[in-house]
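Only one structure is covered here, and it is reproduced in the block below.
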Amino acid sequence: MLKLVYAPDPILKKECQPLAQVDDHHRTLIKEMYEVMYDANGVGLAAPQVGLDMRIFIVDAAAREEKKTPITMINPKIISIEDDLVPYEEGCLSFPEHFAEIDRPDKLKIEYIDENNKKKILSTDGFNSRIIQHELDHLNGILFVDHLSRLKRDVIIRKMKKFKKEEKIVIACGKFMDLNNQIMMAVKRRAWWSNYVWAGAAATGIFIGYWLWKGTGSEN
Ligand code: NI
């Protein structure tokens with residue numbers, strides 16, 4: 001199962017590789033990308049955000065509504081884009097809980113191939129165009145924070161580094177609890193190796209006892 005990559009990460013700064021041909025392997029990955037995006041309540045997701053170096057992104061402006069409108073774009077290329085800029089508050093699945101107002105053009109025309117290797121052209125504006133531009137940036141190693149001032153960007157990156165550190169601790173704690181549970185279950189089942197756990201615990205107890213006893217002895 002694909003997993004979301006959080007910033008900062010080298011894969012998010014890479015210019016992704018175009019696909020020569022879309023095959024079943026890619027179609028499976030795309031299906032998983034949709035699962036990751038809808039699970040995370042996102043409206044767009046680019047391949048590098050799940051660790052894939054491929055020029056693929058998916059968008060769904062109606063992701064939070066009942067009737068979905070998924071669009072998969074492979075090897076996308078902007079044909080034309082208006083130069084008038086409009087501000088809009090953006091977020092990104094690689095930056096949980098961070099948002100910033102970004103100026104981007106509104107109308108655009110884009111060509112791409114779909115999951116079945118069919119060449120397509122889409123003219124769009126508004127929210128859909130916004131998501132497409134954000135995702136296309138991802139394929140070129142550009143993140144929404146790269147459109148901000150250095151000061152604002154540094155604040156967000158610093159917070160993300162802290163978030164990733166905390167996430168690692170939470171995962172480590174989870175693994176430790178899992179191990180603990182497995183040992184307890186084995187002890188309950190009287191698995192053969194649980195005797196070693198008991199022997200280890202007893203040896204540790206004896207060692208700590210001896211160490212404490214020796215410590216108090218030398219103080220006198
Ligand atoms: Ni993003």
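Identifiers for the structure tokens are assigned positionally: chains receive A, B, ... in sequence, residues are indexed from 1 per chain, and ligands are indexed from 1 in the order shown.
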Next item on the list: Select the residues contacting ligand 1 at a distance of at most 10 Å, based on only C-alpha atoms and all ligand atoms, then format the selection as number ranges by chain.
Entry: A: 6-7, 12, 42-46, 48-49, 90-96, 131, 133-138, 142-145
Next item on the list: For Ala63 (chain A), work out the shell of residues within 12 Å, counting only C-alpha atoms and skipping chain neighbours fewer than 3 positions away, then give it as an MDAnalysis selection string.
Entry: chainID A and resid 34:45 58:60 66:71 127:128 131
If you run DSSP on this backbone, which residues of chain A come out as alpha helix (DSSP H), and could you give them as a PDB file with C-alpha atoms, in the first residue's frame?
```pdb
ATOM      1  CA  ASP A  24      -1.354  -2.434 -15.731  1.00  0.00           C
ATOM      2  CA  HIS A  25       1.369  -1.760 -13.156  1.00  0.00           C
ATOM      3  CA  HIS A  26       0.720   1.996 -13.477  1.00  0.00           C
ATOM      4  CA  ARG A  27      -3.046   1.492 -13.395  1.00  0.00           C
ATOM      5  CA  THR A  28      -2.716  -0.411 -10.087  1.00  0.00           C
ATOM      6  CA  LEU A  29      -0.593   2.409  -8.650  1.00  0.00           C
ATOM      7  CA  ILE A  30      -3.126   5.007  -9.824  1.00  0.00           C
ATOM      8  CA  LYS A  31      -5.939   3.061  -8.124  1.00  0.00           C
ATOM      9  CA  GLU A  32      -3.944   3.083  -4.899  1.00  0.00           C
ATOM     10  CA  MET A  33      -3.238   6.797  -5.310  1.00  0.00           C
ATOM     11  CA  TYR A  34      -7.002   7.452  -5.363  1.00  0.00           C
ATOM     12  CA  GLU A  35      -7.392   5.428  -2.156  1.00  0.00           C
ATOM     13  CA  VAL A  36      -4.647   7.467  -0.458  1.00  0.00           C
ATOM     14  CA  MET A  37      -6.137  10.770  -1.678  1.00  0.00           C
ATOM     15  CA  TYR A  38      -9.749  10.035  -0.672  1.00  0.00           C
ATOM     16  CA  ASP A  39      -8.589   8.562   2.677  1.00  0.00           C
ATOM     17  CA  GLY A 126     -11.525  28.005 -10.975  1.00  0.00           C
ATOM     18  CA  PHE A 127     -10.923  25.329  -8.337  1.00  0.00           C
ATOM     19  CA  ASN A 128     -10.141  22.603 -10.882  1.00  0.00           C
ATOM     20  CA  SER A 129      -7.463  24.746 -12.569  1.00  0.00           C
ATOM     21  CA  ARG A 130      -6.016  25.611  -9.168  1.00  0.00           C
ATOM     22  CA  ILE A 131      -5.594  21.954  -8.174  1.00  0.00           C
ATOM     23  CA  ILE A 132      -4.147  21.037 -11.581  1.00  0.00           C
ATOM     24  CA  GLN A 133      -1.494  23.782 -11.330  1.00  0.00           C
ATOM     25  CA  HIS A 134      -0.599  22.739  -7.763  1.00  0.00           C
ATOM     26  CA  GLU A 135      -0.227  19.073  -8.804  1.00  0.00           C
ATOM     27  CA  LEU A 136       1.698  19.893 -11.980  1.00  0.00           C
ATOM     28  CA  ASP A 137       4.149  21.848  -9.797  1.00  0.00           C
ATOM     29  CA  HIS A 138       4.698  18.642  -7.756  1.00  0.00           C
ATOM     30  CA  LEU A 139       5.901  16.820 -10.905  1.00  0.00           C
ATOM     31  CA  ARG A 150      11.550  32.675   2.288  1.00  0.00           C
ATOM     32  CA  LEU A 151      10.560  33.681   5.819  1.00  0.00           C
ATOM     33  CA  LYS A 152       7.067  32.138   5.596  1.00  0.00           C
ATOM     34  CA  ARG A 153       8.461  29.039   3.890  1.00  0.00           C
ATOM     35  CA  ASP A 154      11.138  28.508   6.557  1.00  0.00           C
ATOM     36  CA  VAL A 155       8.545  28.725   9.348  1.00  0.00           C
ATOM     37  CA  ILE A 156       6.407  26.008   7.706  1.00  0.00           C
ATOM     38  CA  ILE A 157       9.415  23.772   6.915  1.00  0.00           C
ATOM     39  CA  ARG A 158      10.648  24.054  10.514  1.00  0.00           C
ATOM     40  CA  LYS A 159       7.205  23.040  11.811  1.00  0.00           C
ATOM     41  CA  MET A 160       7.107  20.135   9.344  1.00  0.00           C
ATOM     42  CA  LYS A 161      10.514  18.864  10.544  1.00  0.00           C
ATOM     43  CA  LYS A 162       9.173  18.874  14.103  1.00  0.00           C
ATOM     44  CA  PHE A 163       5.961  17.140  12.963  1.00  0.00           C
ATOM     45  CA  LYS A 164       7.986  14.382  11.223  1.00  0.00           C
ATOM     46  CA  LYS A 165      10.142  13.859  14.323  1.00  0.00           C
ATOM     47  CA  GLU A 166       7.042  13.516  16.511  1.00  0.00           C
ATOM     48  CA  GLU A 167       5.479  11.150  13.972  1.00  0.00           C
ATOM     49  CA  LYS A 168       8.593   8.928  14.154  1.00  0.00           C
ATOM     50  CA  ILE A 169       8.323   8.787  17.958  1.00  0.00           C
ATOM     51  CA  VAL A 170       4.625   7.880  17.748  1.00  0.00           C
ATOM     52  CA  ILE A 171       5.412   5.079  15.247  1.00  0.00           C
ATOM     53  CA  ALA A 172       8.279   3.793  17.461  1.00  0.00           C
ATOM     54  CA  CYS A 173       5.971   3.789  20.500  1.00  0.00           C
ATOM     55  CA  GLY A 174       3.340   1.918  18.481  1.00  0.00           C
ATOM     56  CA  LYS A 175       5.886  -0.733  17.466  1.00  0.00           C
ATOM     57  CA  PHE A 176       7.059  -1.083  21.091  1.00  0.00           C
ATOM     58  CA  MET A 177       3.448  -1.551  22.249  1.00  0.00           C
ATOM     59  CA  ASP A 178       2.899  -4.147  19.490  1.00  0.00           C
ATOM     60  CA  LEU A 179       5.986  -6.053  20.640  1.00  0.00           C
ATOM     61  CA  ASN A 180       4.785  -5.849  24.239  1.00  0.00           C
ATOM     62  CA  ASN A 181       1.373  -7.209  23.215  1.00  0.00           C
ATOM     63  CA  GLN A 182       2.956 -10.029  21.217  1.00  0.00           C
ATOM     64  CA  ILE A 183       5.072 -11.044  24.216  1.00  0.00           C
ATOM     65  CA  MET A 184       2.058 -10.956  26.540  1.00  0.00           C
ATOM     66  CA  MET A 185       0.021 -13.068  24.083  1.00  0.00           C
ATOM     67  CA  ALA A 186       2.878 -15.576  23.776  1.00  0.00           C
ATOM     68  CA  VAL A 187       3.203 -15.777  27.546  1.00  0.00           C
ATOM     69  CA  LYS A 188      -0.547 -16.396  27.795  1.00  0.00           C
ATOM     70  CA  ARG A 189      -0.298 -19.055  25.068  1.00  0.00           C
ATOM     71  CA  SER A 194       8.155 -17.128  26.369  1.00  0.00           C
ATOM     72  CA  ASN A 195      10.313 -19.124  28.814  1.00  0.00           C
ATOM     73  CA  TYR A 196      13.273 -17.102  27.557  1.00  0.00           C
ATOM     74  CA  VAL A 197      11.354 -13.887  28.280  1.00  0.00           C
ATOM     75  CA  TRP A 198      10.742 -15.062  31.839  1.00  0.00           C
ATOM     76  CA  ALA A 199      14.378 -16.159  32.191  1.00  0.00           C
ATOM     77  CA  GLY A 200      15.527 -12.790  30.789  1.00  0.00           C
ATOM     78  CA  ALA A 201      13.254 -10.861  33.160  1.00  0.00           C
ATOM     79  CA  ALA A 202      14.451 -12.935  36.132  1.00  0.00           C
ATOM     80  CA  ALA A 203      18.129 -12.451  35.163  1.00  0.00           C
ATOM     81  CA  THR A 204      17.573  -8.689  34.777  1.00  0.00           C
ATOM     82  CA  GLY A 205      15.845  -8.616  38.175  1.00  0.00           C
ATOM     83  CA  ILE A 206      18.702 -10.504  39.833  1.00  0.00           C
ATOM     84  CA  PHE A 207      21.263  -8.231  38.166  1.00  0.00           C
ATOM     85  CA  ILE A 208      19.448  -5.032  39.265  1.00  0.00           C
ATOM     86  CA  GLY A 209      19.046  -6.464  42.780  1.00  0.00           C
ATOM     87  CA  TYR A 210      22.747  -7.320  42.984  1.00  0.00           C
ATOM     88  CA  TRP A 211      23.708  -3.893  41.609  1.00  0.00           C
ATOM     89  CA  LEU A 212      21.532  -2.077  44.182  1.00  0.00           C
ATOM     90  CA  TRP A 213      22.842  -4.286  47.000  1.00  0.00           C
ATOM     91  CA  LYS A 214      26.455  -3.687  45.934  1.00  0.00           C
ATOM     92  CA  GLY A 215      25.770   0.060  45.645  1.00  0.00           C
ATOM     93  CA  THR A 216      24.424   0.390  49.187  1.00  0.00           C
ATOM     94  CA  GLY A 217      27.293  -1.796  50.433  1.00  0.00           C
ATOM     95  CA  SER A 218      30.013   0.436  49.078  1.00  0.00           C
ATOM     96  CA  GLU A 219      28.411   3.579  50.566  1.00  0.00           C
TER      97      GLU A 219
END
```
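Distance-wise, CA of Pro87 (chain A) and CA of Ser123 (chain A) end up 19.8 Å apart.
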Spatial neighbours of Asp53 (chain A), 7 Å, only C-alpha atoms, chain gap at least 5 places, as a PDB file with N, CA, C and O atoms, in the first residue's frame:
```
ATOM      1  N   CYS A  16      10.046  14.791 -11.962  1.00  0.00           N
ATOM      2  CA  CYS A  16       9.658  13.391 -12.194  1.00  0.00           C
ATOM      3  C   CYS A  16       9.800  12.979 -13.660  1.00  0.00           C
ATOM      4  O   CYS A  16       9.740  13.803 -14.566  1.00  0.00           O
ATOM      5  N   GLN A  17       9.958  11.665 -13.860  1.00  0.00           N
ATOM      6  CA  GLN A  17      10.182  11.081 -15.181  1.00  0.00           C
ATOM      7  C   GLN A  17       8.864  10.848 -15.938  1.00  0.00           C
ATOM      8  O   GLN A  17       7.896  10.353 -15.352  1.00  0.00           O
ATOM      9  N   ALA A  47       2.208  11.788  -7.990  1.00  0.00           N
ATOM     10  CA  ALA A  47       2.964  10.548  -7.755  1.00  0.00           C
ATOM     11  C   ALA A  47       4.111  10.700  -6.740  1.00  0.00           C
ATOM     12  O   ALA A  47       4.262   9.851  -5.862  1.00  0.00           O
ATOM     13  N   PRO A  48       4.924  11.783  -6.812  1.00  0.00           N
ATOM     14  CA  PRO A  48       6.024  11.882  -5.832  1.00  0.00           C
ATOM     15  C   PRO A  48       5.542  11.951  -4.387  1.00  0.00           C
ATOM     16  O   PRO A  48       6.295  11.619  -3.472  1.00  0.00           O
TER      17      PRO A  48
END
```
